[in-house]
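A short worksheet on the structure shown next.
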Amino acid sequence: MKMALRLSALALFSVIVITACGGGGDDTPQATGTKPASVAVNPSGKFAYAANWGSNDISVYTINATTGALTAGTAVAAGTNPTSVAVDPSGKFAYAANWGSNNISVYTINATTGALTAGTAVAAGTYPYSVAVDPAGKFVYAANWGSNSISIYSIDSSTGALTAGTAVAAGTSPDSIAVDPSGKFAYAANWDSNNISVYTINATTGALTAGTAVAAGTNPSSVAVDPAGKFVYVANEIDSTISVYTINAATGALQ
């Protein structure tokens, strides 16, 4: 059901633009690849990246520091149907979850131009839909919609290369993964089981230990943690609600 909904939604678009806010409040459209599914901004605030589901590539942009306008650079190839792109906290590496090829693309970022250079992709579970980097830049997590699991990777701090750890079970059809600002906890929104998986993170290995999942609304599709690490918010796609949770600072449990 989820796959059909996503494919139908993406098929509605032939050419999609990213809109950047220009001076004086005007909107300046910037062309991208076909069917962009995700956008991420480099922590430096100088560059932005878009994962293009339809054209199987990552668009690269420089950001005008005054107006926010985007200037396109050279796109770089991804896997098949990239759905999510994330940048590590140092701004040196980027990662893309490729739904169609069941892998994670790895890139190094040119600090001057923002250009991406592809490294060696790594295998994920089935239909990885979301990718996230922990705040320390040590680990990467991917939510695998088709295999009901979370892939875990450690990052080589010199090259950005990923080494896979042991995946852990999620709920049914995890659609989104987020890490709290302390790097101690992770949360996954499970589309088909209508709940949120809760994990504690091993600070040394990045391994995830599952806690008690909590109920969400109907078909949760996105999860986010506030910058203070006190609250979690979940977008429930089908019943048009936002679930709100308080994080237990000691255990990561959601209330």
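How things are named: the first chain in the structure tokens is A, the next is B, and so on; residues count from 1 in each chain; ligands count from 1 in the order shown.
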
Near A:Ser105, counting only C-alpha atoms, which residues have an atom at most 6 Å away, once you skip same-chain residues fewer than 4 positions from it, shown as a PDB file with C-alpha atoms, in the first residue's frame?
ATOM      1  CA  TYR A  95      24.828  10.081   2.186  1.00  0.00           C
ATOM      2  CA  ALA A  96      21.802   9.127   0.075  1.00  0.00           C
ATOM      3  CA  ALA A 121      28.079   2.625  -1.930  1.00  0.00           C
TER       4      ALA A 121
END

Neighbour list for A:Ala143 as a list in words, cut-off 8 Å, only C-alpha atoms, skip fewer than 2 positions in-chain: Pro128, Tyr129, Ser130, Val131, Tyr141, Trp145, Asn148, Ser149, Ile150, Ser151, Pro174, Asp175, Ser176, Ile177 and Ala188 of chain A

Only C-alpha atoms, please: the residues just picked out, written as a short mmCIF file (atom, residue, chain, number, x, y, z; two decimals), in the first residue's frame.
data_model
loop_
_atom_site.label_atom_id
_atom_site.label_comp_id
_atom_site.auth_asym_id
_atom_site.auth_seq_id
_atom_site.Cartn_x
_atom_site.Cartn_y
_atom_site.Cartn_z
CA PRO A 128 15.75 2.20 2.33
CA TYR A 129 13.60 5.31 2.59
CA SER A 130 15.35 7.58 5.09
CA VAL A 131 18.94 8.20 6.14
CA TYR A 141 21.27 5.02 10.20
CA TRP A 145 10.79 0.24 4.57
CA ASN A 148 11.23 -3.59 8.57
CA SER A 149 14.68 -2.80 9.88
CA ILE A 150 17.21 -0.09 10.66
CA SER A 151 20.67 -0.41 9.08
CA PRO A 174 9.72 2.28 8.82
CA ASP A 175 9.48 5.50 6.81
CA SER A 176 11.72 7.91 8.74
CA ILE A 177 14.63 7.83 11.18
CA ALA A 188 11.79 5.52 13.71
#

Nearest to A:Ala75: which of A:Ala210, A:Ala97, A:Val39, A:Leu116 is it, counting only C-alpha atoms?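 So, comparing all the options, the nearest one is A:Leu116.
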
Stretch 237-250 of chain A surroundings by only C-alpha atoms, 10 Å radius, close-in-sequence under 3 positions cut, as a PyMOL selection string: chain A and resi 180+182+184-185+191+214-223+225+229-234+253-255

Take the selection from the previous step and output its residues with C-alpha atoms, as a tab-separated table (two decimals), in the first residue's frame.
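Okay, part06.tsv is ready:
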chain	number	residue	atom	x	y	z
A	180	ASP	CA	18.34	13.13	19.15
A	182	SER	CA	22.73	14.22	22.36
A	184	LYS	CA	21.99	8.92	22.81
A	185	PHE	CA	18.64	7.99	21.28
A	191	TRP	CA	4.07	3.64	8.53
A	214	VAL	CA	4.77	4.00	21.36
A	215	ALA	CA	1.56	4.45	19.40
A	216	ALA	CA	1.32	7.17	16.77
A	217	GLY	CA	-1.49	8.29	14.48
A	218	THR	CA	-2.43	6.62	11.22
A	219	ASN	CA	0.52	6.00	8.92
A	220	PRO	CA	3.30	8.07	10.53
A	221	SER	CA	5.65	9.20	7.77
A	222	SER	CA	8.16	11.56	9.39
A	223	VAL	CA	9.79	11.96	12.80
A	225	VAL	CA	13.51	15.76	17.49
A	229	GLY	CA	16.37	16.99	22.80
A	230	LYS	CA	13.27	17.28	24.97
A	231	PHE	CA	10.46	16.53	22.49
A	232	VAL	CA	9.64	14.36	19.48
A	233	TYR	CA	7.13	15.23	16.77
A	234	VAL	CA	5.61	12.84	14.26
A	253	ALA	CA	11.44	6.67	26.32
A	254	LEU	CA	8.60	8.67	24.81
A	255	GLN	CA	5.63	9.81	26.86

Can you list every residue in stretch 208-253 of chain A that DSSP puts in strand (DSSP E), as a list in words? Leu208, Thr209, Ala210, Val214, Ala215, Pro220, Ser221, Ser222, Val223, Ala224, Val225, Phe231, Val232, Tyr233, Val234, Ala235, Asn236, Thr241, Ile242, Ser243, Val244, Tyr245 and Thr246 of chain A

For the residues in that selection, give me N, CA and C atoms as an mmCIF file, in the first residue's frame.
data_model
loop_
_atom_site.group_PDB
_atom_site.id
_atom_site.type_symbol
_atom_site.label_atom_id
_atom_site.label_comp_id
_atom_site.auth_asym_id
_atom_site.auth_seq_id
_atom_site.Cartn_x
_atom_site.Cartn_y
_atom_site.Cartn_z
ATOM 1 N N LEU A 208 22.147 -0.140 18.127
ATOM 2 C CA LEU A 208 20.854 0.277 18.655
ATOM 3 C C LEU A 208 20.252 -0.817 19.532
ATOM 4 N N THR A 209 19.748 -0.413 20.688
ATOM 5 C CA THR A 209 19.006 -1.325 21.555
ATOM 6 C C THR A 209 17.570 -0.826 21.636
ATOM 7 N N ALA A 210 16.636 -1.687 21.272
ATOM 8 C CA ALA A 210 15.237 -1.276 21.198
ATOM 9 C C ALA A 210 14.632 -1.121 22.584
ATOM 10 N N VAL A 214 5.969 3.269 20.920
ATOM 11 C CA VAL A 214 4.771 3.995 21.357
ATOM 12 C C VAL A 214 3.836 4.201 20.169
ATOM 13 N N ALA A 215 2.556 4.272 20.459
ATOM 14 C CA ALA A 215 1.561 4.446 19.405
ATOM 15 C C ALA A 215 1.660 5.837 18.780
ATOM 16 N N PRO A 220 2.271 7.069 10.267
ATOM 17 C CA PRO A 220 3.296 8.071 10.532
ATOM 18 C C PRO A 220 4.381 8.015 9.458
ATOM 19 N N SER A 221 4.724 9.176 8.903
ATOM 20 C CA SER A 221 5.646 9.203 7.766
ATOM 21 C C SER A 221 6.914 9.993 8.023
ATOM 22 N N SER A 222 6.970 10.760 9.109
ATOM 23 C CA SER A 222 8.158 11.559 9.391
ATOM 24 C C SER A 222 8.281 11.776 10.893
ATOM 25 N N VAL A 223 9.538 11.741 11.383
ATOM 26 C CA VAL A 223 9.794 11.957 12.801
ATOM 27 C C VAL A 223 10.928 12.965 12.945
ATOM 28 N N ALA A 224 10.801 13.875 13.942
ATOM 29 C CA ALA A 224 11.822 14.888 14.179
ATOM 30 C C ALA A 224 11.968 15.119 15.678
ATOM 31 N N VAL A 225 13.206 15.471 16.083
ATOM 32 C CA VAL A 225 13.515 15.763 17.485
ATOM 33 C C VAL A 225 13.858 17.240 17.604
ATOM 34 N N PHE A 231 11.739 16.914 23.080
ATOM 35 C CA PHE A 231 10.458 16.526 22.492
ATOM 36 C C PHE A 231 10.657 15.859 21.139
ATOM 37 N N VAL A 232 9.692 15.014 20.787
ATOM 38 C CA VAL A 232 9.644 14.363 19.477
ATOM 39 C C VAL A 232 8.307 14.683 18.829
ATOM 40 N N TYR A 233 8.340 14.923 17.533
ATOM 41 C CA TYR A 233 7.135 15.232 16.770
ATOM 42 C C TYR A 233 7.039 14.279 15.585
ATOM 43 N N VAL A 234 5.836 13.811 15.321
ATOM 44 C CA VAL A 234 5.613 12.836 14.255
ATOM 45 C C VAL A 234 4.456 13.284 13.376
ATOM 46 N N ALA A 235 4.698 13.285 12.059
ATOM 47 C CA ALA A 235 3.646 13.621 11.097
ATOM 48 C C ALA A 235 2.911 12.350 10.688
ATOM 49 N N ASN A 236 1.594 12.327 10.953
ATOM 50 C CA ASN A 236 0.762 11.173 10.611
ATOM 51 C C ASN A 236 0.015 11.480 9.315
ATOM 52 N N THR A 241 -2.576 14.481 11.347
ATOM 53 C CA THR A 241 -2.286 14.952 12.703
ATOM 54 C C THR A 241 -0.779 14.951 12.942
ATOM 55 N N ILE A 242 -0.382 15.646 14.010
ATOM 56 C CA ILE A 242 0.992 15.610 14.491
ATOM 57 C C ILE A 242 0.977 15.044 15.901
ATOM 58 N N SER A 243 1.692 13.953 16.117
ATOM 59 C CA SER A 243 1.818 13.385 17.456
ATOM 60 C C SER A 243 2.954 14.093 18.186
ATOM 61 N N VAL A 244 2.759 14.339 19.480
ATOM 62 C CA VAL A 244 3.733 15.061 20.305
ATOM 63 C C VAL A 244 4.135 14.174 21.484
ATOM 64 N N TYR A 245 5.453 14.060 21.704
ATOM 65 C CA TYR A 245 5.955 13.224 22.789
ATOM 66 C C TYR A 245 7.015 13.979 23.587
ATOM 67 N N THR A 246 7.121 13.641 24.873
ATOM 68 C CA THR A 246 8.189 14.128 25.720
ATOM 69 C C THR A 246 9.220 13.020 25.892
#

Of the residues A:Ser197, A:Ser59, A:Thr204, A:Thr251, which is the one nearest to A:Ala115, using only C-alpha atoms?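 When distances to A:Ala115 are compared using only C-alpha atoms, the smallest one comes from A:Ser59.
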
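Distance-wise, atom CA of A:Val60 and atom CA of A:Gly79 end up 15.8 Å apart.
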
Give me the residues within 10 Å of A:Asp57 as a PyMOL selection string, counting only C-alpha atoms and dropping any in the same chain fewer than 6 places off. chain A and resi 32-34+36+50-51+75-82+96+98

Pick out the residues sitting within 7 Å of A:Gly165, and hand them over as a ChimeraX atom specification; count only C-alpha atoms, and ignore anything fewer than 2 positions along from it in its own chain. /A:152-153,163,167

Among stretch 11-219 of chain A, which residues carry a DSSP assignment of helix (DSSP H, G or I), reported as number ranges by chain? A: 11, 23-25

For A:Gly183: contacts at 8 Å, only C-alpha atoms, fewer than 5 positions along chain excluded, given as a ChimeraX atom specification: /A:134-136,201,203
